[in-house]
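File shown: final22.cif. Contents: mmCIF, C-alpha atoms.
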data_upload
loop_
_atom_site.label_atom_id
_atom_site.label_comp_id
_atom_site.auth_asym_id
_atom_site.auth_seq_id
_atom_site.Cartn_x
_atom_site.Cartn_y
_atom_site.Cartn_z
CA THR A 49 8.71 13.68 13.78
CA ILE A 50 6.47 10.96 15.22
CA ARG A 51 4.97 12.71 18.24
CA LYS A 52 2.32 10.18 19.25
CA PRO A 53 2.43 6.37 19.43
CA PHE A 54 0.36 4.54 16.84
CA VAL A 55 -0.54 0.94 16.20
CA LEU A 56 -0.98 -0.80 12.85
CA GLY A 57 -1.83 -4.28 11.68
CA GLN A 58 1.03 -6.73 11.21
CA LYS A 59 -0.30 -7.78 7.81
CA GLU A 60 -2.14 -6.21 4.90
CA VAL A 61 -5.93 -6.55 4.83
CA SER A 62 -6.75 -9.91 3.27
CA PHE A 63 -9.48 -10.89 0.85
CA ALA A 64 -11.08 -12.94 3.64
CA GLU A 65 -11.28 -9.86 5.86
CA TRP A 66 -12.58 -7.71 3.02
CA ASP A 67 -15.18 -10.33 2.06
CA ALA A 68 -16.45 -10.26 5.64
CA CYS A 69 -17.04 -6.53 5.26
CA VAL A 70 -18.95 -7.12 2.02
CA ALA A 71 -21.01 -9.90 3.60
CA GLU A 72 -22.10 -7.54 6.39
CA ALA A 73 -22.90 -4.75 3.89
CA GLY A 74 -20.13 -2.57 5.27
CA CYS A 75 -18.33 -2.52 1.92
CA THR A 76 -20.18 -2.02 -1.35
CA HIS A 77 -17.30 -3.04 -3.64
CA SER A 78 -16.46 -6.74 -4.06
CA PRO A 79 -13.08 -6.73 -5.81
CA ASP A 80 -12.01 -9.29 -8.39
CA ASP A 81 -8.78 -11.09 -7.51
CA ARG A 82 -8.11 -11.52 -11.27
CA GLY A 83 -6.89 -15.05 -10.80
CA ALA A 84 -4.35 -14.28 -8.08
CA GLY A 85 -6.35 -16.01 -5.32
CA ARG A 86 -8.34 -14.84 -2.32
CA GLY A 87 -8.43 -16.02 1.29
CA ALA A 88 -5.25 -14.97 3.11
CA ARG A 89 -3.89 -13.08 0.11
CA PRO A 90 -3.98 -9.27 0.37
CA VAL A 91 -7.03 -7.60 -1.10
CA THR A 92 -6.42 -5.97 -4.48
CA ASN A 93 -8.25 -3.66 -6.87
CA ILE A 94 -9.75 -1.30 -4.31
CA ASP A 95 -9.68 2.49 -4.39
CA TRP A 96 -9.18 5.02 -1.60
CA ASN A 97 -12.91 5.43 -1.04
CA ASP A 98 -13.34 1.66 -0.79
CA ALA A 99 -10.62 1.63 1.89
CA GLN A 100 -12.49 4.30 3.84
CA GLN A 101 -15.64 2.17 3.79
CA TYR A 102 -13.72 -0.78 5.19
CA LEU A 103 -12.21 1.36 7.94
CA GLN A 104 -15.62 2.71 8.93
CA TRP A 105 -17.01 -0.84 9.09
CA LEU A 106 -14.05 -2.13 11.11
CA SER A 107 -14.24 0.81 13.52
CA LYS A 108 -17.95 0.24 14.12
CA LYS A 109 -17.50 -3.51 14.50
CA THR A 110 -14.64 -3.30 17.02
CA GLY A 111 -15.51 -0.07 18.82
CA LYS A 112 -12.03 1.29 18.04
CA ASN A 113 -11.01 3.99 15.59
CA TYR A 114 -9.17 2.77 12.50
CA ARG A 115 -7.71 4.93 9.72
CA LEU A 116 -5.12 4.83 6.97
CA LEU A 117 -1.52 5.58 7.84
CA THR A 118 -0.08 8.97 7.03
CA GLU A 119 2.90 9.12 4.69
CA ALA A 120 5.27 9.88 7.58
CA GLU A 121 3.91 7.00 9.65
CA TRP A 122 4.22 4.60 6.74
CA GLU A 123 7.86 5.48 6.09
CA TYR A 124 8.70 5.18 9.78
CA ALA A 125 7.04 1.76 9.94
CA ALA A 126 8.55 0.56 6.65
CA ARG A 127 12.09 1.43 7.70
CA GLY A 128 11.72 -0.49 10.93
CA GLY A 129 14.47 1.52 12.59
CA THR A 130 16.93 0.99 9.70
CA THR A 131 18.57 3.62 7.49
CA THR A 132 19.17 1.56 4.33
CA PRO A 133 17.02 1.90 1.15
CA PHE A 134 15.28 -1.39 2.02
CA TRP A 135 14.83 -2.46 5.62
CA TYR A 136 16.74 -5.65 4.83
CA GLY A 137 19.71 -3.91 3.17
CA SER A 138 20.92 -1.70 0.34
CA THR A 139 20.34 -4.02 -2.62
CA LEU A 140 17.63 -6.33 -3.91
CA ASN A 141 19.86 -9.41 -3.92
CA ALA A 142 18.15 -10.90 -0.87
CA SER A 143 14.67 -9.53 -1.50
CA CYS A 144 12.98 -12.88 -2.19
CA ALA A 145 13.26 -13.79 1.48
CA TYR A 146 11.59 -10.57 2.58
CA ALA A 147 9.24 -9.30 -0.13
CA ASN A 148 6.97 -10.43 -2.93
CA GLY A 149 8.21 -8.69 -6.07
CA PRO A 150 9.42 -8.98 -9.66
CA ASP A 151 11.64 -12.05 -9.64
CA GLN A 152 12.38 -15.16 -11.64
CA SER A 153 9.11 -16.79 -10.47
CA GLY A 154 7.01 -14.43 -12.60
CA LYS A 155 9.50 -13.46 -15.30
CA GLY A 156 8.07 -15.82 -17.90
CA GLN A 157 4.50 -14.58 -17.50
CA PHE A 158 5.14 -10.87 -17.08
CA THR A 159 7.58 -9.94 -19.81
CA GLY A 160 7.13 -6.22 -19.17
CA TRP A 161 8.64 -6.35 -15.68
CA LYS A 162 11.67 -4.17 -15.02
CA ASP A 163 14.53 -4.62 -12.55
CA ILE A 164 13.91 -8.35 -12.17
CA VAL A 165 15.95 -9.75 -9.30
CA ASP A 166 17.93 -12.96 -9.66
CA CYS A 167 16.03 -15.06 -7.14
CA ARG A 168 12.65 -16.76 -6.74
CA ASP A 169 10.10 -15.94 -4.06
CA GLY A 170 7.87 -18.80 -5.15
CA TYR A 171 4.84 -16.71 -6.16
CA VAL A 172 3.88 -15.53 -9.64
CA PHE A 173 1.11 -13.33 -8.24
CA THR A 174 0.48 -12.07 -4.71
CA ALA A 175 1.49 -14.24 -1.75
CA PRO A 176 -0.60 -15.03 1.36
CA GLY A 177 0.02 -12.51 4.12
CA GLY A 178 2.97 -13.39 6.33
CA SER A 179 4.72 -15.56 3.72
CA PHE A 180 7.96 -13.60 4.09
CA ALA A 181 10.08 -12.52 7.04
CA PRO A 182 8.82 -9.45 8.96
CA ASN A 183 10.81 -6.25 9.35
CA PRO A 184 12.40 -5.33 12.73
CA PHE A 185 9.06 -3.87 13.89
CA GLY A 186 7.34 -7.22 13.24
CA LEU A 187 5.47 -5.99 10.15
CA TYR A 188 4.93 -8.32 7.21
CA ASP A 189 4.90 -7.27 3.54
CA ILE A 190 5.51 -3.61 4.38
CA THR A 191 7.54 -3.43 1.17
CA GLY A 192 6.70 -5.36 -1.95
CA THR A 193 3.42 -7.02 -2.92
CA LEU A 194 1.05 -4.05 -3.42
CA TYR A 195 0.60 -0.32 -3.37
CA GLN A 196 -0.85 0.77 -0.05
CA TRP A 197 -3.22 3.72 0.24
CA LEU A 198 -2.28 6.56 2.58
CA GLU A 199 -4.40 9.27 4.21
CA ASP A 200 -2.53 12.25 2.74
CA CYS A 201 -3.40 14.29 -0.33
CA TYR A 202 -0.74 14.38 -3.02
CA HIS A 203 1.79 17.22 -3.15
CA ASP A 204 4.71 17.51 -5.54
CA SER A 205 7.03 18.88 -2.83
CA TYR A 206 7.27 18.99 0.95
CA GLN A 207 7.05 22.77 1.16
CA GLY A 208 4.40 23.60 3.72
CA ALA A 209 4.08 20.00 4.90
CA PRO A 210 3.03 19.30 8.50
CA THR A 211 6.00 19.23 10.87
CA SER A 212 4.40 16.36 12.76
CA ALA A 213 3.39 12.96 11.37
CA ALA A 214 -0.15 14.21 10.74
CA ALA A 215 -1.84 13.64 7.39
CA TRP A 216 -1.51 16.45 4.84
CA ARG A 217 -5.18 16.70 3.96
CA THR A 218 -5.13 20.05 2.13
CA PRO A 219 -5.16 19.42 -1.64
CA SER A 220 -2.29 20.98 -3.58
CA ALA A 221 -2.54 22.98 -6.80
CA VAL A 222 -1.49 19.84 -8.66
CA SER A 223 -4.13 17.68 -7.04
CA GLN A 224 -6.76 20.38 -7.57
CA LYS A 225 -5.88 20.32 -11.27
CA ASN A 226 -6.42 16.59 -11.27
CA VAL A 227 -9.85 17.14 -9.75
CA VAL A 228 -10.94 18.69 -13.01
CA LEU A 229 -9.43 15.89 -15.08
CA ALA A 230 -10.61 13.00 -12.93
CA ALA A 231 -13.66 14.58 -11.31
CA PHE A 232 -12.47 13.52 -7.85
CA PRO A 233 -11.35 15.72 -4.94
CA ALA A 234 -7.66 14.86 -4.93
CA ARG A 235 -4.95 12.41 -5.75
CA ARG A 236 -3.60 10.31 -2.92
CA PRO A 237 -0.07 8.99 -2.37
CA VAL A 238 0.36 5.23 -2.37
CA ARG A 239 3.23 3.09 -1.13
CA PRO A 240 5.15 1.02 -2.20
CA MET A 241 3.93 -1.08 -5.15
CA ARG A 242 0.81 -2.35 -6.78
CA TRP A 243 0.51 -5.72 -8.47
CA ARG A 244 0.67 -4.82 -12.14
CA LYS A 245 2.50 -6.02 -15.22
CA GLU A 246 4.90 -3.08 -14.96
CA LEU A 247 5.72 -4.04 -11.38
CA THR A 248 8.95 -2.73 -9.88
CA VAL A 249 10.46 -3.02 -6.42
CA SER A 250 10.37 0.09 -4.26
CA GLY A 251 12.21 1.14 -1.15
CA ALA A 252 11.00 2.74 2.05
CA SER A 253 11.20 6.29 0.70
CA THR A 254 9.56 5.60 -2.68
CA TRP A 255 6.01 6.67 -3.45
CA SER A 256 3.62 7.28 -6.29
CA THR A 257 0.16 8.77 -6.74
CA ARG A 258 -3.22 7.59 -7.93
CA SER A 259 -6.60 9.21 -8.19
CA ARG A 260 -8.62 8.14 -5.16
CA SER A 261 -10.92 6.36 -7.63
CA SER A 262 -8.12 4.15 -9.03
CA ARG A 263 -8.47 0.41 -8.51
#
Would you encode the structure as C-alpha coordinates?
Amino acid sequence: TIRKPFVLGQKEVSFAEWDACVAEAGCTHSPDDRGAGRGARPVTNIDWNDAQQYLQWLSKKTGKNYRLLTEAEWEYAARGGTTTPFWYGSTLNASCAYANGPDQSGKGQFTGWKDIVDCRDGYVFTAPGGSFAPNPFGLYDITGTLYQWLEDCYHDSYQGAPTSAAAWRTPSAVSQKNVVLAAFPARRPVRPMRWRKELTVSGASTWSTRSRSSR
(Lines of atoms letter the chains of each structure in order from A and count residues from 1; the text may use other names and numbers.)
(Lines give C-alpha, C1' and ligand atoms only; values in the text may rest on other atoms or scores of the structure.)
Protein backbone atom coordinates (compact mmCIF):
# COMPACT_ATOMS: atom_id res chain seq x y z
CA THR A 1 0.00 0.00 0.00
CA ILE A 2 1.37 3.40 -1.00
CA ARG A 3 0.49 5.52 2.02
CA LYS A 4 2.41 8.70 1.22
CA PRO A 5 2.84 10.60 -2.06
CA PHE A 6 6.31 10.48 -3.59
CA VAL A 7 7.99 12.13 -6.52
CA LEU A 8 10.61 10.66 -8.85
CA GLY A 9 12.54 11.83 -11.87
CA GLN A 10 10.96 11.33 -15.27
CA LYS A 11 14.19 9.89 -16.67
CA GLU A 12 17.11 7.81 -15.45
CA VAL A 13 20.20 9.66 -14.23
CA SER A 14 22.32 10.47 -17.26
CA PHE A 15 26.07 10.38 -17.73
CA ALA A 16 26.03 14.18 -18.01
CA GLU A 17 24.37 14.46 -14.60
CA TRP A 18 26.72 11.91 -13.08
CA ASP A 19 29.77 13.63 -14.57
CA ALA A 20 28.65 16.87 -12.92
CA CYS A 21 28.72 15.07 -9.58
CA VAL A 22 32.24 13.80 -10.29
CA ALA A 23 33.39 17.26 -11.38
CA GLU A 24 32.23 18.73 -8.06
CA ALA A 25 33.87 15.89 -6.08
CA GLY A 26 30.51 14.61 -4.90
CA CYS A 27 31.05 11.25 -6.60
CA THR A 28 34.36 9.40 -6.40
CA HIS A 29 33.60 6.86 -9.14
CA SER A 30 33.80 7.92 -12.79
CA PRO A 31 32.16 5.06 -14.69
CA ASP A 32 33.25 3.85 -18.10
CA ASP A 33 30.48 3.89 -20.71
CA ARG A 34 32.23 0.96 -22.48
CA GLY A 35 31.58 2.44 -25.88
CA ALA A 36 27.84 2.95 -25.43
CA GLY A 37 28.08 6.75 -25.28
CA ARG A 38 27.69 9.36 -22.56
CA GLY A 39 25.83 12.67 -22.45
CA ALA A 40 22.07 12.07 -22.29
CA ARG A 41 22.45 8.30 -22.11
CA PRO A 42 21.74 6.72 -18.70
CA VAL A 43 24.74 6.22 -16.47
CA THR A 44 25.98 2.63 -16.33
CA ASN A 45 28.45 0.58 -14.31
CA ILE A 46 27.74 2.06 -10.89
CA ASP A 47 27.10 0.16 -7.68
CA TRP A 48 24.65 0.81 -4.85
CA ASN A 49 27.20 2.75 -2.82
CA ASP A 50 28.01 4.93 -5.83
CA ALA A 51 24.29 5.71 -6.15
CA GLN A 52 24.18 6.75 -2.50
CA GLN A 53 27.04 9.18 -3.07
CA TYR A 54 25.18 10.75 -5.98
CA LEU A 55 22.02 11.10 -3.91
CA GLN A 56 23.91 12.77 -1.07
CA TRP A 57 25.51 15.21 -3.53
CA LEU A 58 22.18 15.99 -5.22
CA SER A 59 20.43 16.48 -1.89
CA LYS A 60 23.10 18.90 -0.70
CA LYS A 61 23.13 20.77 -4.00
CA THR A 62 19.36 21.24 -4.22
CA GLY A 63 18.45 21.45 -0.54
CA LYS A 64 15.93 18.62 -1.01
CA ASN A 65 16.13 15.02 0.17
CA TYR A 66 16.70 12.45 -2.56
CA ARG A 67 16.82 8.67 -2.12
CA LEU A 68 16.41 5.46 -4.08
CA LEU A 69 12.94 4.10 -4.63
CA THR A 70 11.71 1.21 -2.54
CA GLU A 71 10.71 -1.97 -4.32
CA ALA A 72 7.01 -1.26 -3.75
CA GLU A 73 7.34 2.29 -5.06
CA TRP A 74 9.20 1.11 -8.14
CA GLU A 75 6.56 -1.47 -9.05
CA TYR A 76 3.77 1.06 -8.53
CA ALA A 77 5.56 3.57 -10.77
CA ALA A 78 6.50 0.98 -13.40
CA ARG A 79 2.94 -0.27 -13.77
CA GLY A 80 1.64 3.23 -14.31
CA GLY A 81 -1.84 2.26 -13.19
CA THR A 82 -1.99 -0.78 -15.51
CA THR A 83 -2.42 -4.45 -14.58
CA THR A 84 -0.69 -6.11 -17.54
CA PRO A 85 2.83 -7.67 -17.34
CA PHE A 86 4.24 -4.65 -19.21
CA TRP A 87 2.64 -1.24 -18.86
CA TYR A 88 2.13 -1.19 -22.63
CA GLY A 89 0.47 -4.62 -22.83
CA SER A 90 0.82 -8.35 -22.26
CA THR A 91 3.41 -9.19 -24.93
CA LEU A 92 6.69 -7.82 -26.22
CA ASN A 93 5.44 -7.38 -29.78
CA ALA A 94 5.24 -3.60 -29.46
CA SER A 95 8.14 -3.13 -27.05
CA CYS A 96 10.43 -1.27 -29.46
CA ALA A 97 8.20 1.79 -29.26
CA TYR A 98 8.34 1.84 -25.47
CA ALA A 99 11.59 0.29 -24.23
CA ASN A 100 15.22 -0.23 -25.14
CA GLY A 101 15.80 -3.98 -25.09
CA PRO A 102 17.01 -7.10 -26.91
CA ASP A 103 15.75 -6.63 -30.44
CA GLN A 104 16.86 -6.99 -34.03
CA SER A 105 19.02 -3.83 -33.77
CA GLY A 106 21.54 -5.59 -31.52
CA LYS A 107 21.02 -9.22 -32.50
CA GLY A 108 24.07 -9.38 -34.75
CA GLN A 109 26.45 -8.04 -32.11
CA PHE A 110 25.08 -9.78 -29.04
CA THR A 111 24.61 -13.39 -30.05
CA GLY A 112 23.97 -14.49 -26.46
CA TRP A 113 20.74 -12.50 -26.13
CA LYS A 114 17.59 -14.44 -25.27
CA ASP A 115 13.96 -13.69 -26.08
CA ILE A 116 14.84 -11.33 -28.93
CA VAL A 117 11.77 -9.45 -30.10
CA ASP A 118 10.94 -9.10 -33.79
CA CYS A 119 11.30 -5.34 -34.07
CA ARG A 120 14.02 -2.68 -34.05
CA ASP A 121 14.31 0.11 -31.50
CA GLY A 122 17.21 1.68 -33.40
CA TYR A 123 19.85 1.32 -30.67
CA VAL A 124 22.46 -1.41 -30.31
CA PHE A 125 23.46 -0.14 -26.87
CA THR A 126 21.66 2.20 -24.46
CA ALA A 127 19.49 4.98 -25.85
CA PRO A 128 19.44 8.65 -24.75
CA GLY A 129 16.90 9.24 -22.00
CA GLY A 130 13.41 9.96 -23.29
CA SER A 131 13.92 8.23 -26.65
CA PHE A 132 10.82 6.08 -26.16
CA ALA A 133 7.22 6.81 -25.20
CA PRO A 134 6.58 7.37 -21.46
CA ASN A 135 4.25 5.21 -19.39
CA PRO A 136 0.85 6.57 -18.22
CA PHE A 137 2.56 8.28 -15.26
CA GLY A 138 4.86 10.19 -17.65
CA LEU A 139 7.96 8.14 -16.76
CA TYR A 140 10.51 7.30 -19.44
CA ASP A 141 12.51 4.06 -19.62
CA ILE A 142 10.93 2.66 -16.46
CA THR A 143 11.19 -0.76 -18.09
CA GLY A 144 14.01 -1.79 -20.36
CA THR A 145 17.45 -0.22 -20.75
CA LEU A 146 19.13 -0.92 -17.38
CA TYR A 147 18.84 -2.46 -13.96
CA GLN A 148 17.84 0.17 -11.43
CA TRP A 149 19.07 0.08 -7.84
CA LEU A 150 16.47 0.04 -5.06
CA GLU A 151 16.74 0.95 -1.37
CA ASP A 152 15.63 -2.43 0.00
CA CYS A 153 17.80 -5.31 1.18
CA TYR A 154 17.27 -8.59 -0.62
CA HIS A 155 14.87 -11.21 0.76
CA ASP A 156 13.92 -14.48 -0.89
CA SER A 157 10.26 -14.16 0.17
CA TYR A 158 7.82 -11.49 1.31
CA GLN A 159 7.25 -13.04 4.73
CA GLY A 160 7.70 -10.29 7.28
CA ALA A 161 7.85 -7.55 4.66
CA PRO A 162 6.68 -4.04 5.56
CA THR A 163 2.95 -3.59 5.01
CA SER A 164 3.57 -0.07 3.75
CA ALA A 165 5.75 0.97 0.81
CA ALA A 166 8.71 1.54 3.14
CA ALA A 167 12.11 0.07 2.31
CA TRP A 168 12.89 -3.33 3.84
CA ARG A 169 16.27 -2.43 5.28
CA THR A 170 16.76 -5.42 7.60
CA PRO A 171 19.11 -7.93 5.93
CA SER A 172 17.72 -11.44 5.53
CA ALA A 173 19.49 -14.70 6.40
CA VAL A 174 20.28 -15.08 2.70
CA SER A 175 21.77 -11.61 2.39
CA GLN A 176 23.71 -12.10 5.63
CA LYS A 177 25.21 -15.24 4.11
CA ASN A 178 26.25 -13.22 1.10
CA VAL A 179 27.98 -10.77 3.42
CA VAL A 180 30.51 -13.45 4.22
CA LEU A 181 30.99 -14.35 0.57
CA ALA A 182 31.13 -10.83 -0.80
CA ALA A 183 32.33 -8.96 2.29
CA PHE A 184 29.52 -6.41 1.93
CA PRO A 185 26.56 -5.80 4.26
CA ALA A 186 23.78 -7.08 2.02
CA ARG A 187 22.52 -7.76 -1.44
CA ARG A 188 20.14 -5.27 -2.95
CA PRO A 189 17.25 -5.84 -5.35
CA VAL A 190 17.52 -4.24 -8.77
CA ARG A 191 14.88 -3.61 -11.41
CA PRO A 192 14.33 -4.31 -14.30
CA MET A 193 17.38 -4.96 -16.50
CA ARG A 194 21.02 -4.14 -16.82
CA TRP A 195 22.82 -3.66 -20.13
CA ARG A 196 24.70 -6.91 -20.51
CA LYS A 197 25.27 -9.49 -23.21
CA GLU A 198 22.73 -11.80 -21.58
CA LEU A 199 20.13 -9.04 -21.66
CA THR A 200 16.48 -10.02 -21.39
CA VAL A 201 13.30 -7.98 -21.21
CA SER A 202 11.57 -7.81 -17.83
CA GLY A 203 8.11 -6.82 -16.74
CA ALA A 204 6.91 -4.63 -13.90
CA SER A 205 6.97 -7.43 -11.33
CA THR A 206 10.36 -8.88 -12.27
CA TRP A 207 13.46 -8.33 -10.15
CA SER A 208 16.92 -9.66 -9.51
CA THR A 209 19.67 -9.11 -6.96
CA ARG A 210 23.24 -7.90 -6.95
CA SER A 211 25.80 -7.31 -4.27
CA ARG A 212 25.79 -3.60 -3.47
CA SER A 213 29.36 -3.54 -4.81
CA SER A 214 28.34 -4.82 -8.27
CA ARG A 215 28.92 -2.49 -11.20
Determine the residue set returned by the PyMOL selection byres ((chain A and resi 150) around 9) for the present structure, and present it as a PDB file with C-alpha atoms, in the coordinates of the input.
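Dumped everything to expr_18.pdb:
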ATOM      1  CA  ASN A 148       6.970 -10.430  -2.930  1.00  0.00           C
ATOM      2  CA  GLY A 149       8.210  -8.690  -6.070  1.00  0.00           C
ATOM      3  CA  ASP A 151      11.640 -12.050  -9.640  1.00  0.00           C
ATOM      4  CA  GLN A 152      12.380 -15.160 -11.640  1.00  0.00           C
ATOM      5  CA  SER A 153       9.110 -16.790 -10.470  1.00  0.00           C
ATOM      6  CA  GLY A 154       7.010 -14.430 -12.600  1.00  0.00           C
ATOM      7  CA  LYS A 155       9.500 -13.460 -15.300  1.00  0.00           C
ATOM      8  CA  PHE A 158       5.140 -10.870 -17.080  1.00  0.00           C
ATOM      9  CA  TRP A 161       8.640  -6.350 -15.680  1.00  0.00           C
ATOM     10  CA  LYS A 162      11.670  -4.170 -15.020  1.00  0.00           C
ATOM     11  CA  ASP A 163      14.530  -4.620 -12.550  1.00  0.00           C
ATOM     12  CA  ILE A 164      13.910  -8.350 -12.170  1.00  0.00           C
ATOM     13  CA  VAL A 165      15.950  -9.750  -9.300  1.00  0.00           C
ATOM     14  CA  ARG A 168      12.650 -16.760  -6.740  1.00  0.00           C
ATOM     15  CA  ASP A 169      10.100 -15.940  -4.060  1.00  0.00           C
ATOM     16  CA  VAL A 172       3.880 -15.530  -9.640  1.00  0.00           C
ATOM     17  CA  GLY A 192       6.700  -5.360  -1.950  1.00  0.00           C
ATOM     18  CA  LEU A 247       5.720  -4.040 -11.380  1.00  0.00           C
ATOM     19  CA  THR A 248       8.950  -2.730  -9.880  1.00  0.00           C
ATOM     20  CA  VAL A 249      10.460  -3.020  -6.420  1.00  0.00           C
TER      21      VAL A 249
END
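Between atom CA of A:Thr76 and atom CA of A:Leu198 lies a distance of 20.2 Å.
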Using the chain letters and numbers from the file, give me the residues hit by the PyMOL selection byres ((chain A and resi 217) around 8), as a list in words.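 Checking the PyMOL selection byres ((chain A and resi 217) around 8) against this file, the residues are Glu199, Asp200, Cys201, Ala215, Trp216, Thr218 and Pro219 of chain A.
For the pair atom CA of A:Thr159 and atom CA of A:Tyr195, the interatomic distance is 20.3 Å.
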Spatial neighbours of A:Gly83, 12 Å, only C-alpha atoms, chain gap at least 6 places, as a PDB file with C-alpha atoms, in the frame of the given file:
ATOM      1  CA  ARG A  89      -3.890 -13.080   0.110  1.00  0.00           C
ATOM      2  CA  THR A  92      -6.420  -5.970  -4.480  1.00  0.00           C
ATOM      3  CA  VAL A 172       3.880 -15.530  -9.640  1.00  0.00           C
ATOM      4  CA  PHE A 173       1.110 -13.330  -8.240  1.00  0.00           C
ATOM      5  CA  THR A 174       0.480 -12.070  -4.710  1.00  0.00           C
TER       6      THR A 174
END
